[in-house]
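target-v1.pdb (PDB, C-alpha atoms, pLDDT in the B column) appears below.
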MODEL        1
ATOM      1  CA  MET P 158     -21.017 -15.025  19.762  1.00 38.00           C
ATOM      2  CA  SER P 159     -19.862 -13.309  16.603  1.00 44.00           C
ATOM      3  CA  GLU P 160     -20.038  -9.559  16.162  1.00 51.00           C
ATOM      4  CA  SER P 161     -22.346  -8.208  13.490  1.00 58.00           C
ATOM      5  CA  LEU P 162     -20.916  -6.203  10.629  1.00 66.00           C
ATOM      6  CA  VAL P 163     -21.223  -2.483  11.306  1.00 67.00           C
ATOM      7  CA  VAL P 164     -21.922  -0.255   8.329  1.00 86.00           C
ATOM      8  CA  CYS P 165     -21.159   3.388   8.992  1.00 92.00           C
ATOM      9  CA  ASP P 166     -22.975   6.203   7.228  1.00 94.00           C
ATOM     10  CA  VAL P 167     -21.051   8.857   5.328  1.00 95.00           C
ATOM     11  CA  ALA P 168     -21.007  12.318   6.921  1.00 96.00           C
ATOM     12  CA  GLU P 169     -23.141  14.812   4.972  1.00 96.00           C
ATOM     13  CA  ASP P 170     -20.312  17.339   4.624  1.00 96.00           C
ATOM     14  CA  LEU P 171     -18.088  14.580   3.231  1.00 97.00           C
ATOM     15  CA  VAL P 172     -20.766  13.582   0.700  1.00 95.00           C
ATOM     16  CA  GLU P 173     -20.823  17.187  -0.547  1.00 96.00           C
ATOM     17  CA  LYS P 174     -17.008  17.384  -0.624  1.00 96.00           C
ATOM     18  CA  LEU P 175     -16.830  14.155  -2.670  1.00 96.00           C
ATOM     19  CA  ARG P 176     -19.446  15.480  -5.100  1.00 94.00           C
ATOM     20  CA  LYS P 177     -17.434  18.673  -5.651  1.00 94.00           C
ATOM     21  CA  PHE P 178     -14.216  16.658  -5.920  1.00 94.00           C
ATOM     22  CA  ARG P 179     -15.730  14.559  -8.724  1.00 92.00           C
ATOM     23  CA  PHE P 180     -16.318  17.690 -10.824  1.00 91.00           C
ATOM     24  CA  ARG P 181     -13.135  19.559  -9.971  1.00 91.00           C
ATOM     25  CA  LYS P 182     -11.508  21.477 -12.836  1.00 90.00           C
ATOM     26  CA  GLU P 183      -7.897  21.254 -11.670  1.00 89.00           C
ATOM     27  CA  THR P 184      -5.598  18.983 -13.671  1.00 88.00           C
ATOM     28  CA  ASN P 185      -3.241  17.976 -10.862  1.00 89.00           C
ATOM     29  CA  ASN P 186      -3.377  14.777  -8.842  1.00 90.00           C
ATOM     30  CA  ALA P 187      -5.344  15.136  -5.613  1.00 92.00           C
ATOM     31  CA  ALA P 188      -6.747  12.909  -2.891  1.00 92.00           C
ATOM     32  CA  ILE P 189      -9.399  12.884  -0.225  1.00 94.00           C
ATOM     33  CA  ILE P 190      -8.438  10.644   2.677  1.00 92.00           C
ATOM     34  CA  MET P 191     -11.205   9.409   4.924  1.00 94.00           C
ATOM     35  CA  LYS P 192     -11.452   7.600   8.226  1.00 92.00           C
ATOM     36  CA  ILE P 193     -14.142   6.223  10.476  1.00 91.00           C
ATOM     37  CA  ASP P 194     -15.223   8.104  13.558  1.00 92.00           C
ATOM     38  CA  LYS P 195     -16.060   4.992  15.547  1.00 87.00           C
ATOM     39  CA  ASP P 196     -17.972   6.859  18.258  1.00 91.00           C
ATOM     40  CA  LYS P 197     -20.314   8.528  15.748  1.00 94.00           C
ATOM     41  CA  ARG P 198     -20.175   5.542  13.373  1.00 92.00           C
ATOM     42  CA  LEU P 199     -19.554   7.882  10.464  1.00 94.00           C
ATOM     43  CA  VAL P 200     -17.064   7.996   7.606  1.00 95.00           C
ATOM     44  CA  VAL P 201     -15.502  11.452   7.900  1.00 96.00           C
ATOM     45  CA  LEU P 202     -12.821  13.535   6.186  1.00 96.00           C
ATOM     46  CA  ASP P 203      -9.313  12.883   7.453  1.00 93.00           C
ATOM     47  CA  GLU P 204      -7.326  15.117   5.082  1.00 91.00           C
ATOM     48  CA  GLU P 205      -7.165  16.544   1.583  1.00 91.00           C
ATOM     49  CA  LEU P 206      -3.958  16.387  -0.430  1.00 88.00           C
ATOM     50  CA  GLU P 207      -2.871  18.140  -3.625  1.00 84.00           C
ATOM     51  CA  SER P 208      -0.069  16.832  -5.829  1.00 75.00           C
ATOM     52  CA  SER P 209       2.342  19.460  -4.560  1.00 61.00           C
ATOM     53  CA  ASN P 210       2.243  18.098  -1.003  1.00 55.00           C
ATOM     54  CA  PHE P 211       1.980  14.340  -1.266  1.00 57.00           C
ATOM     55  CA  SER P 212       3.543  11.237  -2.654  1.00 66.00           C
ATOM     56  CA  PHE P 213       2.153   7.730  -2.976  1.00 69.00           C
ATOM     57  CA  PHE P 214       3.599   7.150   0.485  1.00 66.00           C
ATOM     58  CA  ASN P 215       1.067   9.664   1.875  1.00 64.00           C
ATOM     59  CA  LEU P 216      -1.729   7.642   0.278  1.00 69.00           C
ATOM     60  CA  ARG P 217      -1.039   4.573   2.406  1.00 67.00           C
ATOM     61  CA  LYS P 218      -4.233   5.026   4.382  1.00 75.00           C
ATOM     62  CA  THR P 219      -7.490   3.087   4.554  1.00 83.00           C
ATOM     63  CA  PHE P 220     -10.099   4.997   2.492  1.00 90.00           C
ATOM     64  CA  ILE P 221      -8.771   7.118  -0.368  1.00 91.00           C
ATOM     65  CA  VAL P 222     -10.525   8.818  -3.266  1.00 93.00           C
ATOM     66  CA  TYR P 223      -7.816   9.793  -5.715  1.00 92.00           C
ATOM     67  CA  SER P 224      -8.078  11.977  -8.812  1.00 92.00           C
ATOM     68  CA  TYR P 225      -5.207  10.817 -10.984  1.00 90.00           C
ATOM     69  CA  LYS P 226      -3.856  12.363 -14.190  1.00 88.00           C
ATOM     70  CA  TYR P 227      -3.663   9.305 -16.454  1.00 88.00           C
ATOM     71  CA  GLN P 228      -1.629   9.579 -19.656  1.00 86.00           C
ATOM     72  CA  HIS P 229      -2.858   7.039 -22.215  1.00 85.00           C
ATOM     73  CA  ASP P 230      -0.506   5.319 -24.655  1.00 85.00           C
ATOM     74  CA  ASP P 231      -2.108   7.231 -27.536  1.00 90.00           C
ATOM     75  CA  GLY P 232      -1.400  10.605 -25.881  1.00 90.00           C
ATOM     76  CA  ARG P 233      -4.882  11.255 -24.490  1.00 90.00           C
ATOM     77  CA  VAL P 234      -5.181  12.391 -20.890  1.00 90.00           C
ATOM     78  CA  SER P 235      -8.001  11.458 -18.524  1.00 90.00           C
ATOM     79  CA  TYR P 236      -8.608  12.060 -14.836  1.00 89.00           C
ATOM     80  CA  PRO P 237     -10.135   8.896 -13.374  1.00 91.00           C
ATOM     81  CA  LEU P 238     -11.531   9.043  -9.875  1.00 92.00           C
ATOM     82  CA  CYS P 239     -10.211   5.995  -8.045  1.00 93.00           C
ATOM     83  CA  PHE P 240     -11.278   4.543  -4.726  1.00 94.00           C
ATOM     84  CA  ILE P 241      -8.467   2.693  -2.982  1.00 92.00           C
ATOM     85  CA  PHE P 242      -9.209   0.611   0.100  1.00 91.00           C
ATOM     86  CA  SER P 243      -6.771  -1.113   2.385  1.00 85.00           C
ATOM     87  CA  SER P 244      -7.744  -2.976   5.513  1.00 75.00           C
ATOM     88  CA  PRO P 245      -6.297  -1.166   8.538  1.00 66.00           C
ATOM     89  CA  VAL P 246      -3.264  -2.963   9.904  1.00 71.00           C
ATOM     90  CA  GLY P 247      -2.702  -3.396  13.603  1.00 74.00           C
ATOM     91  CA  CYS P 248      -6.134  -2.359  14.817  1.00 73.00           C
ATOM     92  CA  LYS P 249      -8.808  -4.240  16.713  1.00 81.00           C
ATOM     93  CA  PRO P 250     -10.990  -6.698  14.764  1.00 83.00           C
ATOM     94  CA  GLU P 251     -14.037  -4.540  15.602  1.00 82.00           C
ATOM     95  CA  GLN P 252     -12.454  -1.565  13.824  1.00 82.00           C
ATOM     96  CA  GLN P 253     -11.388  -3.693  10.850  1.00 83.00           C
ATOM     97  CA  MET P 254     -14.976  -4.886  10.522  1.00 85.00           C
ATOM     98  CA  MET P 255     -16.244  -1.284  10.605  1.00 87.00           C
ATOM     99  CA  TYR P 256     -13.956  -0.369   7.702  1.00 88.00           C
ATOM    100  CA  ALA P 257     -14.774  -3.484   5.692  1.00 88.00           C
ATOM    101  CA  GLY P 258     -18.497  -3.103   6.355  1.00 89.00           C
ATOM    102  CA  SER P 259     -18.522   0.582   5.397  1.00 92.00           C
ATOM    103  CA  LYS P 260     -16.523   0.278   2.174  1.00 92.00           C
ATOM    104  CA  ASN P 261     -19.476  -0.546  -0.107  1.00 91.00           C
ATOM    105  CA  LYS P 262     -21.663   2.149   1.463  1.00 91.00           C
ATOM    106  CA  LEU P 263     -18.957   4.723   0.780  1.00 93.00           C
ATOM    107  CA  VAL P 264     -18.461   3.517  -2.816  1.00 94.00           C
ATOM    108  CA  GLN P 265     -22.217   3.724  -3.485  1.00 92.00           C
ATOM    109  CA  THR P 266     -22.627   7.110  -1.802  1.00 91.00           C
ATOM    110  CA  ALA P 267     -19.730   8.640  -3.742  1.00 90.00           C
ATOM    111  CA  GLU P 268     -20.798   6.861  -6.984  1.00 91.00           C
ATOM    112  CA  LEU P 269     -17.312   5.477  -7.575  1.00 92.00           C
ATOM    113  CA  THR P 270     -16.669   2.912 -10.318  1.00 91.00           C
ATOM    114  CA  LYS P 271     -12.908   2.418 -10.206  1.00 93.00           C
ATOM    115  CA  VAL P 272     -12.556   0.556  -6.925  1.00 94.00           C
ATOM    116  CA  PHE P 273      -9.299  -1.093  -5.937  1.00 93.00           C
ATOM    117  CA  GLU P 274      -8.341  -3.008  -2.830  1.00 91.00           C
ATOM    118  CA  ILE P 275      -4.767  -3.435  -1.744  1.00 87.00           C
ATOM    119  CA  ARG P 276      -3.577  -5.720   1.019  1.00 81.00           C
ATOM    120  CA  ASN P 277      -0.069  -4.377   1.540  1.00 79.00           C
ATOM    121  CA  THR P 278       0.015  -0.580   1.401  1.00 79.00           C
ATOM    122  CA  GLU P 279       3.731  -0.693   0.620  1.00 80.00           C
ATOM    123  CA  ASP P 280       2.682  -2.002  -2.806  1.00 84.00           C
ATOM    124  CA  LEU P 281       0.726   1.214  -3.485  1.00 85.00           C
ATOM    125  CA  THR P 282       2.819   2.902  -6.145  1.00 86.00           C
ATOM    126  CA  GLU P 283       2.096   4.830  -9.292  1.00 86.00           C
ATOM    127  CA  GLU P 284       3.019   1.740 -11.315  1.00 89.00           C
ATOM    128  CA  TRP P 285       0.472  -0.355  -9.363  1.00 90.00           C
ATOM    129  CA  LEU P 286      -2.270   2.229 -10.007  1.00 90.00           C
ATOM    130  CA  ARG P 287      -1.418   2.540 -13.721  1.00 87.00           C
ATOM    131  CA  GLU P 288      -1.581  -1.250 -14.054  1.00 90.00           C
ATOM    132  CA  LYS P 289      -5.013  -1.329 -12.378  1.00 90.00           C
ATOM    133  CA  LEU P 290      -6.317   1.541 -14.513  1.00 88.00           C
ATOM    134  CA  GLY P 291      -5.061  -0.202 -17.668  1.00 83.00           C
ATOM    135  CA  PHE P 292      -8.002  -2.616 -17.341  1.00 71.00           C
ATOM    136  CA  PHE P 293     -10.438   0.289 -17.777  1.00 66.00           C
ATOM    137  CA  HIS P 294      -8.878   1.949 -20.831  1.00 55.00           C
TER     138      HIS P 294
ENDMDL
END

As structure tokens, please, write out the structure in this file.
Amino acid sequence: MSESLVVCDVAEDLVEKLRKFRFRKETNNAAIIMKIDKDKRLVVLDEELESSNFSFFNLRKTFIVYSYKYQHDDGRVSYPLCFIFSSPVGCKPEQQMMYAGSKNKLVQTAELTKVFEIRNTEDLTEEWLREKLGFFH
């Protein structure tokens, strides 16, 4: 008997935090890291990071919304909001299915358009992100 795909809702306070994050005025890189509370079956806030206290290594989590200062070749600067998803490594299949099943719900709820999936989180570098964003600009 196969398990059905579980889609978790997004916590209301997280929805509000993501909305405010989208319209933030700061010009530094920042991230909202999320996780699934499997007992409540909710996507919840794990941590918030500002550029002064994180590196790409800190972003090697499962659900990340990242505001990135992107310098274009012509000198323009934009601040794309990126959603980065990686399948959790070393966890039970049930938990992996919860993350995979909840990804689209989170993307829709947060109204994200720049959605990237990465299999090996060690590949998550600034160069990787710039390459992915190059397709949008």

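Counting all atoms listed in the file, the residue from P:Val164, P:Val246, P:Gln265, P:Lys174 that sits nearest to P:Glu279 is P:Val246.
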
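Candidate residues P:Thr282, P:Asn277, P:Asn261, P:Thr184 were compared for distance to P:Val167, and the nearest is P:Asn261, using only C-alpha atoms.
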
request  = Tell me which residues the PyMOL selection byres ((chain P and resi 270) around 9) grabs here, as a VMD selection string.
outcome  = chain P and resid 238 to 240 264 to 265 268 to 269 271 to 272

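Our summary of the geometry notes that atom CA of P:Ala187 is positioned 22.5 Å from atom CA of P:Ser259.
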
ask   = Quick one: which residues end up in the PyMOL selection byres ((chain P and resi 220-230) around 6) for this structure, as a PyMOL selection string?
value = chain P and resi 186-191+219+231-242

Just the residues within 12 Å of P:Tyr256, please, counting all atoms listed in the file, with nothing from its chain fewer than 2 positions along; format it as a short mmCIF file (atom, residue, chain, number, x, y, z; two decimals) with C-alpha atoms, in the coordinates of the input.
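What ended up in part.cif:
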data_model
loop_
_atom_site.label_atom_id
_atom_site.label_comp_id
_atom_site.auth_asym_id
_atom_site.auth_seq_id
_atom_site.Cartn_x
_atom_site.Cartn_y
_atom_site.Cartn_z
CA LEU P 162 -20.92 -6.20 10.63
CA VAL P 163 -21.22 -2.48 11.31
CA VAL P 164 -21.92 -0.26 8.33
CA CYS P 165 -21.16 3.39 8.99
CA ASP P 166 -22.98 6.20 7.23
CA VAL P 167 -21.05 8.86 5.33
CA MET P 191 -11.20 9.41 4.92
CA LYS P 192 -11.45 7.60 8.23
CA ILE P 193 -14.14 6.22 10.48
CA ASP P 194 -15.22 8.10 13.56
CA LYS P 195 -16.06 4.99 15.55
CA ARG P 198 -20.18 5.54 13.37
CA LEU P 199 -19.55 7.88 10.46
CA VAL P 200 -17.06 8.00 7.61
CA VAL P 201 -15.50 11.45 7.90
CA LYS P 218 -4.23 5.03 4.38
CA THR P 219 -7.49 3.09 4.55
CA PHE P 220 -10.10 5.00 2.49
CA PHE P 242 -9.21 0.61 0.10
CA SER P 243 -6.77 -1.11 2.38
CA SER P 244 -7.74 -2.98 5.51
CA PRO P 245 -6.30 -1.17 8.54
CA VAL P 246 -3.26 -2.96 9.90
CA CYS P 248 -6.13 -2.36 14.82
CA LYS P 249 -8.81 -4.24 16.71
CA PRO P 250 -10.99 -6.70 14.76
CA GLU P 251 -14.04 -4.54 15.60
CA GLN P 252 -12.45 -1.56 13.82
CA GLN P 253 -11.39 -3.69 10.85
CA MET P 254 -14.98 -4.89 10.52
CA GLY P 258 -18.50 -3.10 6.36
CA SER P 259 -18.52 0.58 5.40
CA LYS P 260 -16.52 0.28 2.17
CA ASN P 261 -19.48 -0.55 -0.11
CA LYS P 262 -21.66 2.15 1.46
CA LEU P 263 -18.96 4.72 0.78
#

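The space between atom CA of P:Asp203 and atom CA of P:Leu171 spans 9.9 Å.
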
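With only C-alpha atoms as the atoms that count, the minimum distance from P:Ala168 to the choices P:Leu206, P:Ile275, P:Met255, P:Ala267 is reached by P:Ala267.
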
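The spacing separating atom CA of P:Thr278 from atom CA of P:Arg179 amounts to 24.1 Å.
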
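Distance annotation: of P:Asp196, P:Glu274, P:Leu202, P:Lys289, the residue with the minimal separation from P:Asp170 is P:Leu202; atom set is only C-alpha atoms.
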
Could you get me a file of stretch 245-260 of chain P with all heavy atoms, as an mmCIF file, in the first residue's frame, taken from the block above?
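Written output follows (decode12.cif):
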data_model
loop_
_atom_site.group_PDB
_atom_site.id
_atom_site.type_symbol
_atom_site.label_atom_id
_atom_site.label_comp_id
_atom_site.auth_asym_id
_atom_site.auth_seq_id
_atom_site.Cartn_x
_atom_site.Cartn_y
_atom_site.Cartn_z
ATOM 1 N N PRO P 245 15.054 16.912 1.506
ATOM 2 C CA PRO P 245 15.840 16.628 2.713
ATOM 3 C C PRO P 245 16.583 15.305 2.596
ATOM 4 O O PRO P 245 16.019 14.312 2.179
ATOM 5 C CB PRO P 245 14.804 16.595 3.829
ATOM 6 C CG PRO P 245 13.482 16.446 3.163
ATOM 7 C CD PRO P 245 13.627 16.939 1.757
ATOM 8 N N VAL P 246 17.848 15.339 2.952
ATOM 9 C CA VAL P 246 18.694 14.151 2.857
ATOM 10 C C VAL P 246 18.686 13.430 4.199
ATOM 11 O O VAL P 246 18.734 14.057 5.250
ATOM 12 C CB VAL P 246 20.134 14.565 2.477
ATOM 13 C CG1 VAL P 246 21.059 13.367 2.458
ATOM 14 C CG2 VAL P 246 20.143 15.276 1.139
ATOM 15 N N GLY P 247 18.623 12.120 4.135
ATOM 16 C CA GLY P 247 18.756 11.325 5.346
ATOM 17 C C GLY P 247 17.537 11.304 6.245
ATOM 18 O O GLY P 247 17.649 11.003 7.425
ATOM 19 N N CYS P 248 16.369 11.631 5.709
ATOM 20 C CA CYS P 248 15.171 11.551 6.542
ATOM 21 C C CYS P 248 14.247 10.470 5.991
ATOM 22 O O CYS P 248 14.467 9.937 4.909
ATOM 23 C CB CYS P 248 14.471 12.892 6.651
ATOM 24 S SG CYS P 248 13.758 13.476 5.124
ATOM 25 N N LYS P 249 13.224 10.156 6.758
ATOM 26 C CA LYS P 249 12.301 9.098 6.370
ATOM 27 C C LYS P 249 11.556 9.462 5.092
ATOM 28 O O LYS P 249 11.281 10.635 4.851
ATOM 29 C CB LYS P 249 11.295 8.867 7.494
ATOM 30 C CG LYS P 249 11.916 8.365 8.771
ATOM 31 C CD LYS P 249 10.867 8.237 9.849
ATOM 32 C CE LYS P 249 11.508 7.809 11.161
ATOM 33 N NZ LYS P 249 10.539 7.797 12.248
ATOM 34 N N PRO P 250 11.207 8.469 4.279
ATOM 35 C CA PRO P 250 10.452 8.738 3.046
ATOM 36 C C PRO P 250 9.173 9.535 3.303
ATOM 37 O O PRO P 250 8.808 10.395 2.505
ATOM 38 C CB PRO P 250 10.144 7.345 2.504
ATOM 39 C CG PRO P 250 11.237 6.482 3.047
ATOM 40 C CD PRO P 250 11.571 7.056 4.398
ATOM 41 N N GLU P 251 8.507 9.280 4.426
ATOM 42 C CA GLU P 251 7.279 10.017 4.760
ATOM 43 C C GLU P 251 7.555 11.520 4.844
ATOM 44 O O GLU P 251 6.800 12.344 4.337
ATOM 45 C CB GLU P 251 6.716 9.517 6.091
ATOM 46 C CG GLU P 251 5.556 10.335 6.610
ATOM 47 C CD GLU P 251 5.217 10.030 8.066
ATOM 48 O OE1 GLU P 251 5.781 9.080 8.643
ATOM 49 O OE2 GLU P 251 4.391 10.764 8.613
ATOM 50 N N GLN P 252 8.678 11.874 5.488
ATOM 51 C CA GLN P 252 9.031 13.287 5.627
ATOM 52 C C GLN P 252 9.432 13.877 4.278
ATOM 53 O O GLN P 252 9.068 15.005 3.958
ATOM 54 C CB GLN P 252 10.149 13.459 6.652
ATOM 55 C CG GLN P 252 10.386 14.905 7.023
ATOM 56 C CD GLN P 252 11.431 15.069 8.106
ATOM 57 O OE1 GLN P 252 12.070 14.110 8.534
ATOM 58 N NE2 GLN P 252 11.621 16.285 8.545
ATOM 59 N N GLN P 253 10.173 13.124 3.475
ATOM 60 C CA GLN P 253 10.532 13.604 2.141
ATOM 61 C C GLN P 253 9.282 13.883 1.314
ATOM 62 O O GLN P 253 9.214 14.875 0.589
ATOM 63 C CB GLN P 253 11.425 12.590 1.424
ATOM 64 C CG GLN P 253 12.831 12.555 1.966
ATOM 65 C CD GLN P 253 13.735 11.622 1.182
ATOM 66 O OE1 GLN P 253 13.281 10.689 0.543
ATOM 67 N NE2 GLN P 253 15.028 11.872 1.262
ATOM 68 N N MET P 254 8.287 13.018 1.437
ATOM 69 C CA MET P 254 7.045 13.212 0.693
ATOM 70 C C MET P 254 6.298 14.450 1.185
ATOM 71 O O MET P 254 5.678 15.156 0.396
ATOM 72 C CB MET P 254 6.161 11.963 0.805
ATOM 73 C CG MET P 254 6.711 10.803 -0.020
ATOM 74 S SD MET P 254 5.866 9.226 0.209
ATOM 75 C CE MET P 254 4.168 9.646 0.058
ATOM 76 N N MET P 255 6.367 14.731 2.487
ATOM 77 C CA MET P 255 5.709 15.930 3.022
ATOM 78 C C MET P 255 6.344 17.189 2.428
ATOM 79 O O MET P 255 5.640 18.123 2.041
ATOM 80 C CB MET P 255 5.796 15.971 4.548
ATOM 81 C CG MET P 255 4.899 14.991 5.238
ATOM 82 S SD MET P 255 5.100 15.042 7.038
ATOM 83 C CE MET P 255 3.880 16.278 7.453
ATOM 84 N N TYR P 256 7.668 17.206 2.341
ATOM 85 C CA TYR P 256 8.352 18.365 1.764
ATOM 86 C C TYR P 256 8.034 18.499 0.275
ATOM 87 O O TYR P 256 7.691 19.576 -0.202
ATOM 88 C CB TYR P 256 9.863 18.281 1.994
ATOM 89 C CG TYR P 256 10.276 18.820 3.332
ATOM 90 C CD1 TYR P 256 10.430 17.986 4.431
ATOM 91 C CD2 TYR P 256 10.506 20.175 3.507
ATOM 92 C CE1 TYR P 256 10.803 18.478 5.670
ATOM 93 C CE2 TYR P 256 10.875 20.689 4.748
ATOM 94 C CZ TYR P 256 11.018 19.836 5.814
ATOM 95 O OH TYR P 256 11.371 20.347 7.041
ATOM 96 N N ALA P 257 8.142 17.413 -0.448
ATOM 97 C CA ALA P 257 7.874 17.452 -1.891
ATOM 98 C C ALA P 257 6.422 17.837 -2.157
ATOM 99 O O ALA P 257 6.139 18.635 -3.059
ATOM 100 C CB ALA P 257 8.193 16.094 -2.519
ATOM 101 N N GLY P 258 5.497 17.289 -1.374
ATOM 102 C CA GLY P 258 4.089 17.580 -1.572
ATOM 103 C C GLY P 258 3.707 18.992 -1.202
ATOM 104 O O GLY P 258 2.738 19.548 -1.722
ATOM 105 N N SER P 259 4.460 19.617 -0.304
ATOM 106 C CA SER P 259 4.124 20.955 0.189
ATOM 107 C C SER P 259 4.813 22.070 -0.597
ATOM 108 O O SER P 259 4.465 23.237 -0.447
ATOM 109 C CB SER P 259 4.495 21.060 1.663
ATOM 110 O OG SER P 259 3.816 20.053 2.385
ATOM 111 N N LYS P 260 5.774 21.717 -1.419
ATOM 112 C CA LYS P 260 6.547 22.721 -2.153
ATOM 113 C C LYS P 260 5.649 23.619 -3.001
ATOM 114 O O LYS P 260 5.721 24.852 -2.900
ATOM 115 C CB LYS P 260 7.591 22.031 -3.036
ATOM 116 C CG LYS P 260 8.410 23.002 -3.868
ATOM 117 C CD LYS P 260 9.366 22.271 -4.776
ATOM 118 C CE LYS P 260 8.761 22.146 -6.135
ATOM 119 N NZ LYS P 260 9.659 21.696 -7.168
#
